[in-house]
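**Q** mmCIF, C-alpha atoms, file model.cif:
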```cif
data_start
#
loop_
_atom_site.group_PDB
_atom_site.id
_atom_site.type_symbol
_atom_site.label_atom_id
_atom_site.label_comp_id
_atom_site.auth_asym_id
_atom_site.auth_seq_id
_atom_site.Cartn_x
_atom_site.Cartn_y
_atom_site.Cartn_z
ATOM 1 C CA MET A 26 81.725 109.555 105.893
ATOM 2 C CA TYR A 27 80.297 106.729 103.843
ATOM 3 C CA ASN A 28 81.177 106.284 100.160
ATOM 4 C CA HIS A 29 77.634 107.138 99.079
ATOM 5 C CA ASP A 30 77.729 110.468 100.953
ATOM 6 C CA LEU A 31 81.157 111.253 99.540
ATOM 7 C CA LEU A 32 79.962 110.431 96.035
ATOM 8 C CA ASN A 33 77.014 112.822 96.381
ATOM 9 C CA LYS A 34 79.203 115.671 97.666
ATOM 10 C CA MET A 35 81.678 115.097 94.850
ATOM 11 C CA MET A 36 78.886 115.076 92.250
ATOM 12 C CA ASP A 37 77.727 118.478 93.526
ATOM 13 C CA GLU A 38 81.259 119.892 93.490
ATOM 14 C CA PHE A 39 82.840 118.314 90.405
ATOM 15 C CA GLY A 40 80.035 116.990 88.201
ATOM 16 C CA LYS A 41 79.181 113.581 86.787
ATOM 17 C CA GLU A 42 81.967 113.358 84.197
ATOM 18 C CA ASN A 43 84.783 114.024 86.675
ATOM 19 C CA VAL A 44 83.307 111.800 89.374
ATOM 20 C CA THR A 45 82.867 108.995 86.855
ATOM 21 C CA GLU A 46 86.576 109.140 86.039
ATOM 22 C CA PHE A 47 87.432 109.379 89.736
ATOM 23 C CA ALA A 48 85.390 106.243 90.440
ATOM 24 C CA LYS A 49 87.272 104.410 87.699
ATOM 25 C CA MET A 50 90.655 105.499 89.049
ATOM 26 C CA VAL A 51 89.936 104.821 92.727
ATOM 27 C CA SER A 52 88.605 101.367 91.833
ATOM 28 C CA TYR A 53 91.846 100.687 89.966
ATOM 29 C CA MET A 54 93.885 102.005 92.905
ATOM 30 C CA HIS A 55 92.150 99.659 95.333
ATOM 31 C CA ASP A 56 92.641 96.737 92.947
ATOM 32 C CA VAL A 57 96.384 97.414 92.883
ATOM 33 C CA LEU A 58 96.450 97.636 96.692
ATOM 34 C CA TYR A 59 94.382 94.451 96.969
ATOM 35 C CA GLN A 60 96.704 92.545 94.640
ATOM 36 C CA ASN A 61 99.733 93.821 96.567
ATOM 37 C CA ALA A 62 98.195 92.779 99.893
ATOM 38 C CA LYS A 63 97.528 89.283 98.534
ATOM 39 C CA ILE A 64 101.098 88.929 97.268
ATOM 40 C CA ASN A 65 102.603 90.151 100.523
ATOM 41 C CA SER A 66 100.256 88.012 102.646
ATOM 42 C CA MET A 67 98.922 90.999 104.523
ATOM 43 C CA ASN A 68 95.989 90.312 106.801
ATOM 44 C CA GLU A 69 93.277 92.638 105.480
ATOM 45 C CA PRO A 70 93.061 92.764 101.686
ATOM 46 C CA SER A 71 89.248 92.578 102.006
ATOM 47 C CA GLU A 72 88.991 96.318 102.707
ATOM 48 C CA HIS A 73 90.559 96.973 99.326
ATOM 49 C CA SER A 74 88.373 94.444 97.551
ATOM 50 C CA TYR A 75 85.257 96.042 99.037
ATOM 51 C CA GLU A 76 86.351 99.548 98.003
ATOM 52 C CA ARG A 77 87.430 98.336 94.561
ATOM 53 C CA ASP A 78 84.088 96.676 93.938
ATOM 54 C CA TRP A 79 82.017 99.537 95.358
ATOM 55 C CA TRP A 80 83.710 102.189 93.214
ATOM 56 C CA LYS A 81 83.740 99.963 90.127
ATOM 57 C CA THR A 82 79.978 99.463 90.471
ATOM 58 C CA LYS A 83 79.485 103.228 90.807
ATOM 59 C CA TYR A 84 81.697 103.810 87.780
ATOM 60 C CA GLU A 85 79.590 101.399 85.720
ATOM 61 C CA GLU A 86 76.375 103.037 86.933
ATOM 62 C CA LEU A 87 77.597 106.580 86.269
ATOM 63 C CA LYS A 88 78.947 105.916 82.784
ATOM 64 C CA ASN A 89 75.584 104.437 81.765
ATOM 65 C CA VAL A 90 73.411 107.230 83.188
ATOM 66 C CA THR A 91 72.495 110.353 81.270
ATOM 67 C CA LEU A 92 71.848 113.333 83.507
#
```
Rewrite the coordinates I just gave you, this time as structure tokens.
**A**
Amino acid sequence: MYNHDLLNKMMDEFGKENVTEFAKMVSYMHDVLYQNAKINSMNEPSEHSYERDWWKTKYEELKNVTL
């Protein structure tokens, strides 16, 4: 399932306010994992940077939208 599809399902189930906070937290989580991967010279920190950036963008969009 793609992030966009997951986001839509979560919006239906949990509402904008909760999903906005989730997006903020999951973006933070992926930033921590990205930083850890960089420090430990792991091969694929890019997956975490993509997820971090995608969820951070959605967080910014959601917190600025009035439904």
**Q** For the atom pair atom CA of Gly40 of chain A and atom CA of Leu87 of chain A, what is the interatomic distance in Å to one decimal place?
**A**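 Separation of atom CA of Gly40 of chain A and atom CA of Leu87 of chain A: 10.9 Å.
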**Q** Find the residues with any atom within 8 Å of (85.2, 105.4, 89.4); use all atoms listed in the file and the coordinates as given in the file, and write the answer as a PDB file with C-alpha atoms, keeping the file's coordinate frame.
**A**
```
ATOM      1  CA  VAL A  44      83.307 111.800  89.374  1.00  0.00           C
ATOM      2  CA  THR A  45      82.867 108.995  86.855  1.00  0.00           C
ATOM      3  CA  GLU A  46      86.576 109.140  86.039  1.00  0.00           C
ATOM      4  CA  PHE A  47      87.432 109.379  89.736  1.00  0.00           C
ATOM      5  CA  ALA A  48      85.390 106.243  90.440  1.00  0.00           C
ATOM      6  CA  LYS A  49      87.272 104.410  87.699  1.00  0.00           C
ATOM      7  CA  MET A  50      90.655 105.499  89.049  1.00  0.00           C
ATOM      8  CA  VAL A  51      89.936 104.821  92.727  1.00  0.00           C
ATOM      9  CA  SER A  52      88.605 101.367  91.833  1.00  0.00           C
ATOM     10  CA  TRP A  80      83.710 102.189  93.214  1.00  0.00           C
ATOM     11  CA  LYS A  81      83.740  99.963  90.127  1.00  0.00           C
ATOM     12  CA  THR A  82      79.978  99.463  90.471  1.00  0.00           C
ATOM     13  CA  LYS A  83      79.485 103.228  90.807  1.00  0.00           C
ATOM     14  CA  TYR A  84      81.697 103.810  87.780  1.00  0.00           C
ATOM     15  CA  GLU A  85      79.590 101.399  85.720  1.00  0.00           C
TER      16      GLU A  85
END
```
**Q** How many Å separate atom CA of Leu31 of chain A from atom CA of Glu76 of chain A?
**A**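 It comes out at 12.9 Å.
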**Q** Report the distance between atom CA of Asn43 of chain A and atom CA of Asn28 of chain A in Å, rounded to one decimal place.
**A**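 Pair atom CA of Asn43 of chain A / atom CA of Asn28 of chain A returns 16.0 Å.
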**Q** Point out the residue among A:Met54, A:Val90, A:Met36, A:Ala62 with the least atom-to-atom distance to Arg77 of chain A, counting all atoms listed in the file.
**A**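 Smallest separation from Arg77 of chain A among the options: A:Met54.
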**Q** Any chance you could work out the residue set of the PyMOL selection byres ((chain A and resi 60) around 12) here, as a list in words?
**A**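 Here the PyMOL selection byres ((chain A and resi 60) around 12) matches Tyr53, Met54, His55, Asp56, Val57, Leu58, Tyr59, Asn61, Ala62, Lys63, Ile64, Asn65, Ser66, Met67, Glu69, Pro70, Ser71, Glu72, His73, Ser74 and Arg77 of chain A.
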**Q** Could you rebuild segment 43-64 of chain A with N, CA and C atoms and give it back as an mmCIF file, in the coordinates of the input?
**A**
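Dumped to out-v1.cif:
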```cif
data_model
loop_
_atom_site.group_PDB
_atom_site.id
_atom_site.type_symbol
_atom_site.label_atom_id
_atom_site.label_comp_id
_atom_site.auth_asym_id
_atom_site.auth_seq_id
_atom_site.Cartn_x
_atom_site.Cartn_y
_atom_site.Cartn_z
ATOM 1 N N ASN A 43 83.577 114.131 85.847
ATOM 2 C CA ASN A 43 84.783 114.024 86.675
ATOM 3 C C ASN A 43 84.658 112.934 87.725
ATOM 4 N N VAL A 44 83.500 112.825 88.344
ATOM 5 C CA VAL A 44 83.307 111.800 89.374
ATOM 6 C C VAL A 44 83.318 110.410 88.754
ATOM 7 N N THR A 45 82.825 110.280 87.546
ATOM 8 C CA THR A 45 82.867 108.995 86.855
ATOM 9 C C THR A 45 84.316 108.556 86.663
ATOM 10 N N GLU A 46 85.158 109.462 86.222
ATOM 11 C CA GLU A 46 86.576 109.140 86.039
ATOM 12 C C GLU A 46 87.249 108.862 87.376
ATOM 13 N N PHE A 47 86.893 109.623 88.403
ATOM 14 C CA PHE A 47 87.432 109.379 89.736
ATOM 15 C C PHE A 47 87.081 107.966 90.201
ATOM 16 N N ALA A 48 85.832 107.572 90.016
ATOM 17 C CA ALA A 48 85.390 106.243 90.440
ATOM 18 C C ALA A 48 86.206 105.160 89.731
ATOM 19 N N LYS A 49 86.469 105.360 88.467
ATOM 20 C CA LYS A 49 87.272 104.410 87.699
ATOM 21 C C LYS A 49 88.687 104.324 88.269
ATOM 22 N N MET A 50 89.284 105.468 88.552
ATOM 23 C CA MET A 50 90.655 105.499 89.049
ATOM 24 C C MET A 50 90.773 104.950 90.472
ATOM 25 N N VAL A 51 89.838 105.301 91.348
ATOM 26 C CA VAL A 51 89.936 104.821 92.727
ATOM 27 C C VAL A 51 89.664 103.319 92.785
ATOM 28 N N SER A 52 88.817 102.809 91.912
ATOM 29 C CA SER A 52 88.605 101.367 91.833
ATOM 30 C C SER A 52 89.894 100.675 91.405
ATOM 31 N N TYR A 53 90.565 101.231 90.417
ATOM 32 C CA TYR A 53 91.846 100.687 89.966
ATOM 33 C C TYR A 53 92.871 100.729 91.092
ATOM 34 N N MET A 54 92.941 101.856 91.809
ATOM 35 C CA MET A 54 93.885 102.005 92.905
ATOM 36 C C MET A 54 93.667 100.907 93.952
ATOM 37 N N HIS A 55 92.420 100.676 94.326
ATOM 38 C CA HIS A 55 92.150 99.659 95.333
ATOM 39 C C HIS A 55 92.419 98.257 94.805
ATOM 40 N N ASP A 56 92.284 98.036 93.509
ATOM 41 C CA ASP A 56 92.641 96.737 92.947
ATOM 42 C C ASP A 56 94.142 96.509 93.056
ATOM 43 N N VAL A 57 94.926 97.529 92.754
ATOM 44 C CA VAL A 57 96.384 97.414 92.883
ATOM 45 C C VAL A 57 96.760 97.131 94.338
ATOM 46 N N LEU A 58 96.160 97.854 95.276
ATOM 47 C CA LEU A 58 96.450 97.636 96.692
ATOM 48 C C LEU A 58 96.003 96.253 97.152
ATOM 49 N N TYR A 59 94.872 95.791 96.641
ATOM 50 C CA TYR A 59 94.382 94.451 96.969
ATOM 51 C C TYR A 59 95.359 93.385 96.469
ATOM 52 N N GLN A 60 95.767 93.518 95.212
ATOM 53 C CA GLN A 60 96.704 92.545 94.640
ATOM 54 C C GLN A 60 98.019 92.536 95.416
ATOM 55 N N ASN A 61 98.497 93.715 95.792
ATOM 56 C CA ASN A 61 99.733 93.821 96.567
ATOM 57 C C ASN A 61 99.568 93.167 97.942
ATOM 58 N N ALA A 62 98.447 93.381 98.584
ATOM 59 C CA ALA A 62 98.195 92.779 99.893
ATOM 60 C C ALA A 62 98.163 91.258 99.793
ATOM 61 N N LYS A 63 97.563 90.741 98.728
ATOM 62 C CA LYS A 63 97.528 89.283 98.534
ATOM 63 C C LYS A 63 98.934 88.729 98.351
ATOM 64 N N ILE A 64 99.734 89.396 97.548
ATOM 65 C CA ILE A 64 101.098 88.929 97.268
ATOM 66 C C ILE A 64 101.945 88.951 98.537
#
```
